[in-house]
$ cat final.txt   # compact mmCIF, C-alpha atoms
# COMPACT_ATOMS: atom_id res chain seq x y z
CA MET A 244 6.07 1.16 -4.77
CA ALA A 245 4.50 4.56 -4.48
CA LYS A 246 1.84 4.79 -1.80
CA LYS A 247 -1.76 5.21 -2.96
CA VAL A 248 -2.86 8.80 -2.63
CA LEU A 249 -6.25 9.29 -1.04
CA THR A 250 -6.60 13.02 -1.48
CA VAL A 251 -4.76 16.35 -1.48
CA VAL A 252 -5.91 19.13 0.87
CA LYS A 253 -4.82 22.72 0.26
CA LEU A 254 -4.95 25.27 3.06
CA GLN A 255 -3.73 28.81 3.58
CA LEU A 256 -2.36 29.11 7.10
CA SER A 257 -0.45 31.69 9.13
CA ALA A 258 3.18 30.61 9.32
CA GLY A 259 4.15 29.21 12.71
CA GLU A 260 0.67 29.76 14.13
CA ALA A 261 -1.46 26.90 12.85
CA THR A 262 -3.99 25.48 15.31
CA VAL A 263 -6.45 22.60 15.13
CA ALA A 264 -9.37 25.03 14.67
CA PRO A 265 -10.95 25.05 11.18
CA PRO A 266 -9.79 24.62 8.52
CA VAL A 267 -7.05 22.28 9.82
CA GLY A 268 -9.01 20.10 12.26
CA PRO A 269 -12.04 19.18 10.16
CA SER A 270 -10.38 19.06 6.73
CA LEU A 271 -7.56 16.74 7.83
CA GLY A 272 -9.40 14.98 10.65
CA GLN A 273 -12.11 13.67 8.34
CA HIS A 274 -9.42 11.68 6.49
CA GLY A 275 -7.94 10.19 9.61
CA VAL A 276 -4.99 12.57 9.98
CA ASN A 277 -3.95 13.61 13.49
CA SER A 278 -4.24 17.39 13.18
CA VAL A 279 -2.32 18.16 16.41
CA GLN A 280 0.68 16.41 14.89
CA PHE A 281 0.30 18.21 11.58
CA CYS A 282 0.19 21.62 13.30
CA LYS A 283 3.41 20.90 15.16
CA GLU A 284 5.20 20.01 11.94
CA TYR A 285 3.80 22.92 9.95
CA ASN A 286 4.63 25.44 12.66
CA GLU A 287 8.16 24.15 13.00
CA ARG A 288 8.80 24.27 9.26
CA THR A 289 7.33 27.77 8.81
CA ARG A 290 8.56 29.39 12.02
CA ALA A 291 11.08 31.54 10.15
CA GLN A 292 8.33 33.09 8.01
CA GLN A 293 6.07 34.06 10.91
CA GLY A 294 3.79 36.96 9.97
CA SER A 295 3.18 35.63 6.45
CA ILE A 296 0.53 33.35 5.08
CA ILE A 297 2.18 30.17 3.87
CA PRO A 298 -0.11 27.95 1.79
CA VAL A 299 0.33 24.24 2.30
CA GLU A 300 -0.58 21.18 0.25
CA VAL A 301 -1.13 18.09 2.34
CA THR A 302 -1.06 14.76 0.50
CA ILE A 303 -2.94 12.10 2.43
CA PHE A 304 -2.22 8.47 1.59
CA ALA A 305 -4.54 5.50 1.82
CA ASP A 306 -2.80 4.29 5.01
CA ARG A 307 -3.53 7.72 6.58
CA SER A 308 0.07 8.79 6.60
CA TYR A 309 0.69 12.18 5.03
CA SER A 310 3.32 14.49 3.66
CA PHE A 311 3.11 18.18 2.90
CA ILE A 312 4.81 20.88 0.90
CA THR A 313 4.66 24.58 1.67
CA LYS A 314 4.24 27.18 -1.06
CA THR A 315 5.21 30.81 -1.40
CA PRO A 316 2.86 33.35 0.25
CA PRO A 317 -0.11 34.48 -1.91
CA THR A 318 0.78 37.32 -4.31
CA SER A 319 -1.97 39.49 -2.85
CA ASP A 320 -0.52 39.03 0.64
CA LEU A 321 2.95 40.11 -0.52
CA LEU A 322 1.49 43.09 -2.41
CA ARG A 323 -0.52 44.25 0.59
CA LYS A 324 2.64 44.20 2.69
CA ALA A 325 4.71 46.00 0.04
CA ALA A 326 2.09 48.72 -0.36
CA GLY A 327 1.44 48.92 3.37
CA VAL A 328 -2.33 48.56 3.01
CA GLU A 329 -4.74 46.45 5.04
CA LYS A 330 -6.74 45.21 2.08
CA GLY A 331 -7.11 45.68 -1.64
CA SER A 332 -9.74 47.81 -3.35
CA GLY A 333 -13.22 46.38 -3.85
CA THR A 334 -13.59 48.49 -7.01
CA PRO A 335 -10.09 48.66 -8.51
CA ARG A 336 -11.26 50.61 -11.59
CA ASN A 337 -12.38 53.56 -9.53
CA GLU A 338 -10.65 53.36 -6.23
CA ILE A 339 -6.86 53.21 -5.90
CA VAL A 340 -5.80 52.19 -2.38
CA GLY A 341 -2.01 52.45 -2.66
CA SER A 342 1.00 51.88 -4.84
CA VAL A 343 3.98 49.58 -5.29
CA SER A 344 7.28 50.39 -6.99
CA ARG A 345 8.82 48.53 -9.92
CA SER A 346 11.56 47.16 -7.69
CA GLN A 347 8.98 45.86 -5.21
CA LEU A 348 7.20 44.12 -8.08
CA ARG A 349 10.50 42.56 -9.12
CA GLN A 350 11.15 41.32 -5.58
CA ILE A 351 7.70 39.77 -5.31
CA ALA A 352 8.07 38.18 -8.76
CA GLU A 353 11.34 36.60 -7.61
CA VAL A 354 9.72 35.21 -4.46
CA LYS A 355 6.77 33.84 -6.44
CA MET A 356 8.80 32.38 -9.32
CA PRO A 357 8.73 28.74 -8.09
CA ASP A 358 4.90 28.72 -8.00
CA LEU A 359 4.15 30.71 -11.17
CA ASN A 360 3.80 29.49 -14.75
CA ALA A 361 6.34 32.00 -15.94
CA MET A 362 9.45 31.39 -18.05
CA ASP A 363 11.48 34.22 -16.52
CA VAL A 364 11.27 36.94 -13.90
CA GLU A 365 10.03 39.51 -16.47
CA ALA A 366 7.02 37.33 -17.23
CA ALA A 367 6.44 36.70 -13.52
CA GLU A 368 6.56 40.45 -12.95
CA LYS A 369 3.71 40.91 -15.42
CA VAL A 370 1.60 38.34 -13.59
CA VAL A 371 2.25 40.13 -10.28
CA ALA A 372 1.49 43.52 -11.87
CA GLY A 373 -1.86 42.14 -13.05
CA THR A 374 -2.73 41.06 -9.52
CA ALA A 375 -1.65 44.47 -8.19
CA ARG A 376 -3.95 46.33 -10.62
CA SER A 377 -6.86 44.05 -9.76
CA MET A 378 -6.37 45.02 -6.11
CA GLY A 379 -6.42 48.74 -6.85
CA LEU A 380 -2.67 49.30 -6.45
CA ARG A 381 -0.88 51.79 -8.69
CA ILE A 382 2.41 50.59 -10.16
CA GLY A 383 5.49 52.80 -10.11
CA SER A 384 4.79 56.10 -11.87
CA GLU A 385 1.81 54.83 -13.90
CA MET B 281 -18.61 22.96 22.63
CA MET B 282 -17.79 25.24 19.73
CA ARG B 283 -19.35 24.19 16.45
CA TRP B 284 -18.98 25.29 12.84
CA LEU B 285 -21.23 25.28 9.81
CA GLU B 286 -19.57 23.66 6.82
CA VAL B 287 -20.55 25.08 3.45
CA ALA B 288 -19.15 22.89 0.68
CA VAL B 289 -19.14 23.22 -3.11
CA GLU B 290 -17.78 20.85 -5.74
CA ALA B 291 -16.00 22.41 -8.70
CA THR B 292 -13.50 21.77 -11.44
CA PRO B 293 -9.87 22.70 -10.68
CA ASP B 294 -10.21 25.67 -13.11
CA SER B 295 -12.94 27.37 -11.14
CA ALA B 296 -11.68 26.38 -7.71
CA GLU B 297 -9.56 29.50 -7.12
CA ASP B 298 -12.47 31.86 -7.88
CA ILE B 299 -14.71 30.07 -5.44
CA ARG B 300 -11.95 29.92 -2.84
CA LEU B 301 -11.52 33.69 -2.99
CA ILE B 302 -15.25 34.20 -2.50
CA MET B 303 -15.32 31.82 0.45
CA ALA B 304 -12.24 33.47 1.98
CA LYS B 305 -14.04 36.80 1.94
CA TRP B 306 -16.52 35.47 4.53
CA ALA B 307 -14.69 32.61 6.18
CA GLY B 308 -11.20 34.17 6.29
CA SER B 309 -8.52 31.49 6.36
CA ALA B 310 -11.05 28.81 7.38
CA VAL B 311 -11.35 27.48 3.84
CA ALA B 312 -10.11 24.07 2.68
CA VAL B 313 -9.63 22.96 -0.92
CA GLU B 314 -9.54 19.25 -1.46
CA GLU B 315 -8.48 17.81 -4.78
CA ARG B 316 -8.94 14.18 -5.66
CA ALA B 317 -9.43 11.92 -8.63
CA ASP B 318 -13.01 11.59 -9.81
CA GLU B 319 -14.13 7.98 -9.40
CA HIS B 320 -16.05 8.08 -12.65
CA SER B 321 -13.67 9.85 -15.00
CA VAL B 322 -10.07 10.90 -15.54
CA ASP B 323 -10.79 14.45 -14.44
CA ARG B 324 -9.90 15.78 -11.06
CA VAL B 325 -12.56 17.31 -8.86
CA CYS B 326 -12.19 19.91 -6.16
CA ARG B 327 -14.28 20.18 -3.07
CA LEU B 328 -14.15 23.57 -1.41
CA THR B 329 -15.32 23.95 2.15
CA ALA B 330 -15.82 27.14 4.14
CA TYR B 331 -16.13 26.85 7.94
CA LEU B 332 -18.32 29.47 9.60
CA PRO B 333 -18.26 29.63 13.41
CA ASP B 334 -21.61 29.38 15.17
CA GLY B 335 -22.62 32.64 16.84
CA GLU B 336 -24.51 35.90 16.46
CA ARG B 337 -23.08 36.76 13.09
CA LEU B 338 -23.55 33.34 11.55
CA ALA B 339 -26.94 34.02 9.96
CA ALA B 340 -25.75 37.17 8.19
CA THR B 341 -22.41 35.68 7.10
CA ARG B 342 -24.11 32.55 5.80
CA HIS B 343 -26.63 34.62 3.89
CA ASP B 344 -23.94 36.72 2.21
CA LEU B 345 -21.80 33.72 1.36
CA LEU B 346 -24.67 31.72 -0.15
CA ASN B 347 -25.70 34.80 -2.10
CA ALA B 348 -22.21 35.23 -3.56
CA LEU B 349 -21.99 31.53 -4.38
CA TRP B 350 -25.36 31.70 -6.13
CA HIS B 351 -24.06 34.52 -8.32
CA ILE B 352 -20.89 32.68 -9.27
CA GLY B 353 -23.13 29.69 -9.95
CA SER B 354 -25.07 31.76 -12.44
CA LEU B 355 -21.83 32.61 -14.20
CA GLY B 356 -21.08 28.99 -14.96
CA VAL B 357 -20.09 26.95 -11.89
CA LYS B 358 -23.56 25.48 -11.48
CA SER B 359 -22.71 23.39 -8.43
CA ALA B 360 -22.00 26.61 -6.49
CA ARG B 361 -25.72 27.31 -6.51
CA THR B 362 -26.45 24.28 -4.38
CA PRO B 363 -23.82 24.10 -1.66
CA ILE B 364 -23.95 21.27 0.84
CA GLU B 365 -24.30 22.43 4.45
CA ARG B 366 -23.68 20.49 7.64
CA TRP B 367 -22.61 21.09 11.24
CA THR B 368 -19.30 19.89 12.59
CA ASP B 369 -17.59 20.17 15.98
CA GLU B 370 -14.30 19.39 17.67
CA SER B 371 -15.32 15.99 18.95
CA GLU B 372 -16.07 14.83 15.42
CA TRP B 373 -12.73 15.63 13.85
CA HIS B 374 -10.70 14.60 16.88
CA SER B 375 -12.28 11.18 17.06
CA LYS B 376 -12.02 10.32 13.37
CA TRP B 377 -8.29 9.70 13.27
CA LYS B 378 -8.56 7.36 16.25
CA ALA B 379 -9.87 4.65 13.95
CA PHE B 380 -6.45 4.64 12.26
CA PHE B 381 -4.32 4.57 15.41
CA LYS B 382 -3.26 0.91 15.64
CA PRO B 383 -0.83 -0.83 18.02
CA ALA B 384 2.77 -0.52 16.83
CA ARG B 385 6.10 -1.84 18.05
CA VAL B 386 9.01 0.57 18.46
CA GLY B 387 12.06 -1.41 19.53
CA ARG B 388 11.18 -3.17 22.80
CA ILE B 389 8.07 -1.06 23.40
CA LEU B 390 4.59 -1.83 22.11
CA LEU B 391 2.52 1.34 21.71
CA ALA B 392 -1.21 0.80 21.91
CA PRO B 393 -4.24 3.08 21.85
CA ALA B 394 -6.00 3.35 25.20
CA TRP B 395 -9.21 2.02 23.69
CA ASP B 396 -7.73 -1.06 22.01
CA ASP B 397 -8.78 -4.21 23.90
CA SER B 398 -6.86 -6.60 21.68
CA VAL B 399 -3.58 -5.69 23.40
CA GLU B 400 -3.00 -7.09 26.89
CA ASN B 401 -1.22 -4.96 29.46
CA GLY B 402 2.36 -5.96 30.07
CA ASP B 403 5.81 -4.72 30.96
CA SER B 404 6.58 -3.46 27.50
CA VAL B 405 3.16 -2.00 26.66
CA VAL B 406 2.59 1.77 26.65
CA ARG B 407 -1.07 2.71 26.41
CA ILE B 408 -1.84 6.19 25.12
CA ASP B 409 -4.90 8.34 24.68
CA PRO B 410 -3.34 11.52 23.30
CA GLY B 411 -6.55 13.54 23.47
CA MET B 412 -5.63 17.03 22.30
CA ALA B 413 -1.96 16.64 23.25
CA PHE B 414 0.90 15.74 20.95
CA GLY B 415 2.19 12.21 20.83
CA THR B 416 0.63 8.94 19.78
CA GLY B 417 4.18 7.67 19.70
CA LEU B 418 3.82 6.92 16.03
CA HIS B 419 5.30 10.16 14.77
CA VAL B 420 8.85 9.96 13.43
CA THR B 421 10.27 12.29 16.09
CA THR B 422 8.73 10.30 18.96
CA ARG B 423 9.93 7.01 17.47
CA GLN B 424 13.46 8.38 17.11
CA SER B 425 13.51 9.65 20.71
CA LEU B 426 12.04 6.38 21.97
CA LEU B 427 14.66 4.29 20.16
CA ALA B 428 17.48 6.53 21.40
CA MET B 429 16.14 6.18 24.94
CA GLN B 430 16.16 2.37 24.65
CA ASP B 431 19.84 2.50 23.72
CA ARG B 432 20.87 4.77 26.58
CA LEU B 433 18.59 4.20 29.55
CA SER B 434 19.95 2.11 32.42
CA GLN B 435 17.92 0.42 35.15
CA GLY B 436 17.09 2.77 37.99
CA ASP B 437 17.93 5.98 36.07
CA GLU B 438 16.36 9.25 37.07
CA VAL B 439 14.75 10.65 33.94
CA LEU B 440 13.33 14.03 32.93
CA ASP B 441 10.94 14.24 29.97
CA LEU B 442 10.75 17.86 28.90
CA GLY B 443 7.70 18.78 26.79
CA THR B 444 6.02 15.49 27.55
CA GLY B 445 2.83 16.06 25.51
CA SER B 446 0.71 12.93 25.94
CA GLY B 447 3.37 11.52 28.28
CA VAL B 448 4.35 8.76 25.87
CA LEU B 449 8.13 9.06 26.38
CA ALA B 450 7.85 9.42 30.16
CA ILE B 451 5.71 6.27 30.39
CA ALA B 452 8.04 4.39 28.04
CA ALA B 453 11.02 5.43 30.21
CA ALA B 454 9.31 3.91 33.24
CA ARG B 455 8.60 0.72 31.26
CA LEU B 456 12.26 0.57 30.25
CA GLY B 457 13.31 0.49 33.89
CA ALA B 458 13.78 4.11 35.01
CA GLY B 459 13.78 4.50 38.78
CA SER B 460 11.82 7.75 38.64
CA VAL B 461 10.56 9.94 35.85
CA LYS B 462 9.63 13.60 35.95
CA ALA B 463 7.50 14.84 33.06
CA LEU B 464 7.12 18.55 32.38
CA ASP B 465 4.98 20.44 29.88
CA ASN B 466 3.98 24.10 29.85
CA ASP B 467 0.66 23.29 28.16
CA LEU B 468 -2.11 22.45 30.61
CA THR B 469 -3.92 20.26 28.07
CA ALA B 470 -0.80 18.15 27.77
CA VAL B 471 -0.32 17.93 31.54
CA GLU B 472 -3.87 16.64 31.97
CA ALA B 473 -3.53 14.14 29.12
CA ALA B 474 -0.16 12.93 30.42
CA ARG B 475 -1.50 12.47 33.97
CA ALA B 476 -4.44 10.45 32.65
CA ASN B 477 -2.09 8.27 30.62
CA VAL B 478 0.26 7.69 33.56
CA THR B 479 -2.72 6.51 35.63
CA LEU B 480 -3.95 4.38 32.74
CA ASN B 481 -0.61 2.58 32.67
CA GLY B 482 -0.55 2.17 36.47
CA LEU B 483 2.70 4.11 36.86
CA LYS B 484 1.71 6.85 39.30
CA ASP B 485 4.45 5.76 41.72
CA VAL B 486 7.19 6.18 39.13
CA VAL B 487 6.11 9.06 36.88
CA THR B 488 5.17 12.52 38.16
CA VAL B 489 3.73 15.07 35.77
CA SER B 490 3.92 18.81 36.43
CA ARG B 491 3.20 21.95 34.51
CA GLY B 492 6.30 23.96 33.74
CA SER B 493 9.55 24.22 31.91
CA LEU B 494 13.18 24.55 32.89
CA ASP B 495 13.55 28.30 32.70
CA ARG B 496 10.38 29.62 34.25
CA GLY B 497 9.23 30.35 37.75
CA THR B 498 6.22 28.13 37.09
CA SER B 499 8.47 25.12 37.17
CA GLU B 500 8.38 22.95 40.24
CA ARG B 501 11.91 21.97 39.50
CA ASP B 502 13.97 21.23 42.49
CA TYR B 503 17.41 22.58 41.63
CA THR B 504 19.23 20.01 43.65
CA THR B 505 17.83 17.21 41.49
CA ARG B 506 19.90 16.25 38.52
CA PHE B 507 18.98 13.59 36.02
CA ASP B 508 20.76 10.63 34.43
CA LEU B 509 18.79 11.07 31.25
CA LEU B 510 16.92 14.03 29.85
CA VAL B 511 14.74 13.61 26.77
CA ALA B 512 13.25 16.65 25.00
CA ASN B 513 11.20 15.87 21.90
CA ILE B 514 10.24 19.45 21.10
CA VAL B 515 11.63 21.70 18.36
CA ALA B 516 15.02 23.21 17.57
CA ALA B 517 14.08 26.71 18.73
CA VAL B 518 13.23 25.47 22.23
CA HIS B 519 16.36 23.31 22.40
CA LEU B 520 18.49 26.35 21.64
CA GLN B 521 16.63 28.52 24.11
CA LEU B 522 16.89 26.00 26.95
CA ALA B 523 20.34 24.60 26.13
CA GLY B 524 21.99 25.94 29.30
CA ALA B 525 19.14 24.91 31.59
CA MET B 526 18.99 21.41 30.12
CA ILE B 527 22.70 20.78 30.55
CA ASP B 528 22.48 22.20 34.05
CA ALA B 529 19.83 19.61 34.90
CA LEU B 530 22.06 16.68 33.93
CA LYS B 531 24.22 14.58 36.22
CA LEU B 532 27.90 14.03 35.45
CA GLY B 533 28.09 11.77 32.44
CA GLY B 534 24.31 12.14 31.92
CA THR B 535 22.60 11.64 28.57
CA LEU B 536 20.63 14.26 26.67
CA ILE B 537 18.29 13.20 23.84
CA LEU B 538 16.99 15.97 21.60
CA GLY B 539 14.17 15.04 19.21
CA GLY B 540 12.03 17.05 16.80
CA ILE B 541 14.86 18.82 15.00
CA THR B 542 14.32 19.51 11.31
CA GLN B 543 17.26 18.65 9.11
CA PRO B 544 18.18 22.25 8.13
CA ARG B 545 18.65 23.12 11.81
CA GLU B 546 20.72 20.10 12.78
CA THR B 547 24.12 21.82 12.50
CA GLU B 548 22.97 24.83 14.50
CA VAL B 549 21.66 22.71 17.37
CA ALA B 550 24.66 20.37 17.34
CA ALA B 551 27.04 23.34 17.46
CA ALA B 552 25.17 25.06 20.30
CA PHE B 553 25.49 21.99 22.50
CA ALA B 554 29.05 21.18 21.44
CA ASP B 555 30.00 24.73 22.46
CA ARG B 556 28.75 23.91 25.93
CA ALA B 557 31.08 20.91 26.16
CA MET B 558 28.43 18.31 25.37
CA GLN B 559 29.67 15.38 23.37
CA LEU B 560 27.57 14.17 20.45
CA VAL B 561 27.36 10.39 20.75
CA ASP B 562 24.60 9.50 18.29
CA SER B 563 22.34 10.98 15.65
CA THR B 564 19.50 9.47 13.63
CA HIS B 565 17.86 10.83 10.47
CA ASP B 566 14.43 9.90 9.18
CA GLY B 567 12.07 11.72 6.83
CA GLY B 568 13.69 15.12 7.33
CA TRP B 569 13.73 14.77 11.12
CA VAL B 570 16.85 14.48 13.25
CA CYS B 571 17.35 13.12 16.77
CA LEU B 572 20.63 13.98 18.52
CA THR B 573 22.03 12.22 21.58
CA PHE B 574 24.66 13.94 23.71
CA GLN B 575 26.67 12.89 26.71
CA ASN B 576 27.57 15.30 29.43
CA ASP B 577 31.32 15.32 29.19
CA ALA B 578 32.39 14.49 32.74
CA ASP B 579 35.07 17.19 32.94
CA GLY B 580 34.26 20.11 30.68
CA GLY B 581 30.51 19.96 31.04
CA ARG B 582 30.39 20.30 34.78
CA ARG B 583 32.99 23.00 34.93
CA GLY B 584 31.10 25.01 32.32
CA VAL B 585 27.96 24.91 34.40
CA SER B 586 29.56 25.89 37.67
CA CYS B 587 31.21 28.87 35.95
CA THR B 588 27.82 30.08 34.72
CA LYS B 589 26.34 29.71 38.18
CA ASN B 590 29.07 31.58 40.00
CA GLY B 591 29.54 34.26 37.42
$ encode --input "final.txt" --output "structure tokens"
Amino acid sequence: MAKKVLTVVKLQLSAGEATVAPPVGPSLGQHGVNSVQFCKEYNERTRAQQGSIIPVEVTIFADRSYSFITKTPPTSDLLRKAAGVEKGSGTPRNEIVGSVSRSQLRQIAEVKMPDLNAMDVEAAEKVVAGTARSMGLRIGSE
Amino acid sequence: MMRWLEVAVEATPDSAEDIRLIMAKWAGSAVAVEERADEHSVDRVCRLTAYLPDGERLAATRHDLLNALWHIGSLGVKSARTPIERWTDESEWHSKWKAFFKPARVGRILLAPAWDDSVENGDSVVRIDPGMAFGTGLHVTTRQSLLAMQDRLSQGDEVLDLGTGSGVLAIAAARLGAGSVKALDNDLTAVEAARANVTLNGLKDVVTVSRGSLDRGTSERDYTTRFDLLVANIVAAVHLQLAGAMIDALKLGGTLILGGITQPRETEVAAAFADRAMQLVDSTHDGGWVCLTFQNDADGGRRGVSCTKNG
């Protein structure tokens, strides 16, 4: 029989570098999860992606056991890296902070495919392009 | 002790991402989104919590965050206008899980929390207060290593527990009849926790805990000592890095137990040790975790090591 799910906690953590400081400690600890143990597992599973933000969804069961799945890095994080900028624009209509090429968009769309509601890579590319514009990034030769 | 201000807002899953982005602007990555079934309806509700560290900038950060939440509240997510605030600190979240740490039997060993009075001390009881260190003994990797150790450990063995954490495996080794146990960890928090646990179990004469590893100058390792059994419940990367040093620390025909390996890395680790003339004698798989047991091949293994030392 499936175990009864108590709650699902979603966090965005740095791959391979999670610590028990907030948000991990308090958000998992309050449900009876040993956060030291969780950090060890998360860091081991994400070690190869160090330097990226790898979101994680932790499912906590009624008996306080847990399981977790890791997601692809946030689109904005991938775009910032591709464009080589520290942060996106606060006013994307007026201020352009950088640019990404079509092929970079395609690469990011491919990485994000598993987590996007897109039928194919072309559709995913449009979603990523939308995020890029909202961050003040110019696309290709636009 | 460091404390944090929790600022929490309840929202529908639709609006959760917008609120999360606002919180992340002031709290950075210290934002948690919790999704659970609503007790009163079929809908799911999200609780978003931002954690702001106490300090000089807290007042300003809190002001800006509440301001932004108030604005998003005006745009429709009404609950954002009245966030719930409370203080939290390390002691709170570290003590909460303790309520769910219950005595458990792993093979011949009974693991019990230090604070549980219902369990009487005995030859097969390992009492643990993990504190901030890793290892209640209930995690899959620790269970696997502990079971492997029960299969392989002989009375009077000299044992090395590398990356001891809370000391759970070192103490269990002593309970299983080891003549002497050396426990090493390069994390001071772990060393302190392990020492406290060794004392708690009355095993100071058998188990010695030191800070260090096998490849560093910080190690107190005496290079003339070799061990009958070496257990390392760490991670694949460390196993690979210390492979040579671990094999070097084994006696002829000694046993090496490697825990904490994730399934995708099993082949890589197995190959690295096989290349060094270690013979794989057992492997267990559970929930994506692998524990490998090797024997130091009496001929090849020793020769390999002496070559490395001379050359």
$ closest_residue --input "final.txt" --among "B:Met303, B:Ile451, B:Val399, B:Val515" --to "chain A" --atoms "only C-alpha atoms"
B:Val515
$ interface_residues --input "final.txt" --of "chain A" --to "chain B" --cutoff "9 Å" --atoms "all atoms listed in the file" --output "NGL selection string"
:A and (248-257 or 263-280 or 283-284 or 287-288 or 306-307)
$ residues_around --input "final.txt" --residues "Asn513 in chain B" --least-positions-apart "6" --cutoff "7 Å" --atoms "all atoms listed in the file" --output "JSON, numbers by chain"
{"B": [421, 422, 425, 443, 538, 539, 540]}
$ closest_atom_pairs --input "final.txt" --of "range 357-382 of chain A" --to "range 313-337 of chain A" --cutoff "8 Å" --atoms "all atoms listed in the file" --output "CSV"
residue,atom,partner,partner_atom,distance
A:Pro357,CA,A:Thr315,CA,7.8
A:Asp358,CA,A:Thr315,CA,6.9
A:Val371,CA,A:Thr318,CA,6.8
A:Thr374,CA,A:Ser319,CA,6.9
A:Ala375,CA,A:Leu322,CA,6.7
A:Arg376,CA,A:Pro335,CA,6.9
A:Ser377,CA,A:Pro335,CA,5.8
A:Met378,CA,A:Gly331,CA,4.6
A:Gly379,CA,A:Pro335,CA,4.0
A:Leu380,CA,A:Gly331,CA,7.5
$ write_last_selection --input "final.txt" --atoms "C-alpha atoms" --output "PDB file, keeping the file's coordinate frame"
ATOM      1  CA  PRO A 357       8.730  28.740  -8.090  1.00  0.00           C
ATOM      2  CA  ASP A 358       4.900  28.720  -8.000  1.00  0.00           C
ATOM      3  CA  VAL A 371       2.250  40.130 -10.280  1.00  0.00           C
ATOM      4  CA  THR A 374      -2.730  41.060  -9.520  1.00  0.00           C
ATOM      5  CA  ALA A 375      -1.650  44.470  -8.190  1.00  0.00           C
ATOM      6  CA  ARG A 376      -3.950  46.330 -10.620  1.00  0.00           C
ATOM      7  CA  SER A 377      -6.860  44.050  -9.760  1.00  0.00           C
ATOM      8  CA  MET A 378      -6.370  45.020  -6.110  1.00  0.00           C
ATOM      9  CA  GLY A 379      -6.420  48.740  -6.850  1.00  0.00           C
ATOM     10  CA  LEU A 380      -2.670  49.300  -6.450  1.00  0.00           C
TER      11      LEU A 380
END
$ residues_around --input "final.txt" --residues "range 428-440 of chain B" --least-positions-apart "3" --cutoff "8 Å" --atoms "only C-alpha atoms" --output "JSON, numbers by chain"
{"B": [387, 388, 424, 425, 450, 453, 456, 457, 458, 459, 460, 461, 462, 463, 464, 506, 507, 508, 509, 510, 511, 535, 537, 573]}
$ write_last_selection --input "final.txt" --atoms "C-alpha atoms" --output "PDB file, keeping the file's coordinate frame"
ATOM      1  CA  GLY B 387      12.060  -1.410  19.530  1.00  0.00           C
ATOM      2  CA  ARG B 388      11.180  -3.170  22.800  1.00  0.00           C
ATOM      3  CA  GLN B 424      13.460   8.380  17.110  1.00  0.00           C
ATOM      4  CA  SER B 425      13.510   9.650  20.710  1.00  0.00           C
ATOM      5  CA  ALA B 450       7.850   9.420  30.160  1.00  0.00           C
ATOM      6  CA  ALA B 453      11.020   5.430  30.210  1.00  0.00           C
ATOM      7  CA  LEU B 456      12.260   0.570  30.250  1.00  0.00           C
ATOM      8  CA  GLY B 457      13.310   0.490  33.890  1.00  0.00           C
ATOM      9  CA  ALA B 458      13.780   4.110  35.010  1.00  0.00           C
ATOM     10  CA  GLY B 459      13.780   4.500  38.780  1.00  0.00           C
ATOM     11  CA  SER B 460      11.820   7.750  38.640  1.00  0.00           C
ATOM     12  CA  VAL B 461      10.560   9.940  35.850  1.00  0.00           C
ATOM     13  CA  LYS B 462       9.630  13.600  35.950  1.00  0.00           C
ATOM     14  CA  ALA B 463       7.500  14.840  33.060  1.00  0.00           C
ATOM     15  CA  LEU B 464       7.120  18.550  32.380  1.00  0.00           C
ATOM     16  CA  ARG B 506      19.900  16.250  38.520  1.00  0.00           C
ATOM     17  CA  PHE B 507      18.980  13.590  36.020  1.00  0.00           C
ATOM     18  CA  ASP B 508      20.760  10.630  34.430  1.00  0.00           C
ATOM     19  CA  LEU B 509      18.790  11.070  31.250  1.00  0.00           C
ATOM     20  CA  LEU B 510      16.920  14.030  29.850  1.00  0.00           C
ATOM     21  CA  VAL B 511      14.740  13.610  26.770  1.00  0.00           C
ATOM     22  CA  THR B 535      22.600  11.640  28.570  1.00  0.00           C
ATOM     23  CA  ILE B 537      18.290  13.200  23.840  1.00  0.00           C
ATOM     24  CA  THR B 573      22.030  12.220  21.580  1.00  0.00           C
TER      25      THR B 573
END
$ atom_distance --input "final.txt" --atom1 "CA of Ser490 in chain B" --atom2 "CA of Asn466 in chain B"
8.4 Å
$ residues_around --input "final.txt" --residues "Leu391 in chain B" --least-positions-apart "2" --cutoff "10 Å" --atoms "all atoms listed in the file" --output "mmCIF file with C-alpha atoms, in the frame of the given file"
data_model
loop_
_atom_site.group_PDB
_atom_site.id
_atom_site.type_symbol
_atom_site.label_atom_id
_atom_site.label_comp_id
_atom_site.auth_asym_id
_atom_site.auth_seq_id
_atom_site.Cartn_x
_atom_site.Cartn_y
_atom_site.Cartn_z
ATOM 1 C CA PHE B 381 -4.320 4.570 15.410
ATOM 2 C CA LYS B 382 -3.260 0.910 15.640
ATOM 3 C CA PRO B 383 -0.830 -0.830 18.020
ATOM 4 C CA ALA B 384 2.770 -0.520 16.830
ATOM 5 C CA ARG B 385 6.100 -1.840 18.050
ATOM 6 C CA VAL B 386 9.010 0.570 18.460
ATOM 7 C CA ARG B 388 11.180 -3.170 22.800
ATOM 8 C CA ILE B 389 8.070 -1.060 23.400
ATOM 9 C CA PRO B 393 -4.240 3.080 21.850
ATOM 10 C CA ALA B 394 -6.000 3.350 25.200
ATOM 11 C CA VAL B 399 -3.580 -5.690 23.400
ATOM 12 C CA SER B 404 6.580 -3.460 27.500
ATOM 13 C CA VAL B 405 3.160 -2.000 26.660
ATOM 14 C CA VAL B 406 2.590 1.770 26.650
ATOM 15 C CA ARG B 407 -1.070 2.710 26.410
ATOM 16 C CA ILE B 408 -1.840 6.190 25.120
ATOM 17 C CA THR B 416 0.630 8.940 19.780
ATOM 18 C CA GLY B 417 4.180 7.670 19.700
ATOM 19 C CA LEU B 418 3.820 6.920 16.030
ATOM 20 C CA VAL B 448 4.350 8.760 25.870
ATOM 21 C CA ALA B 452 8.040 4.390 28.040
#
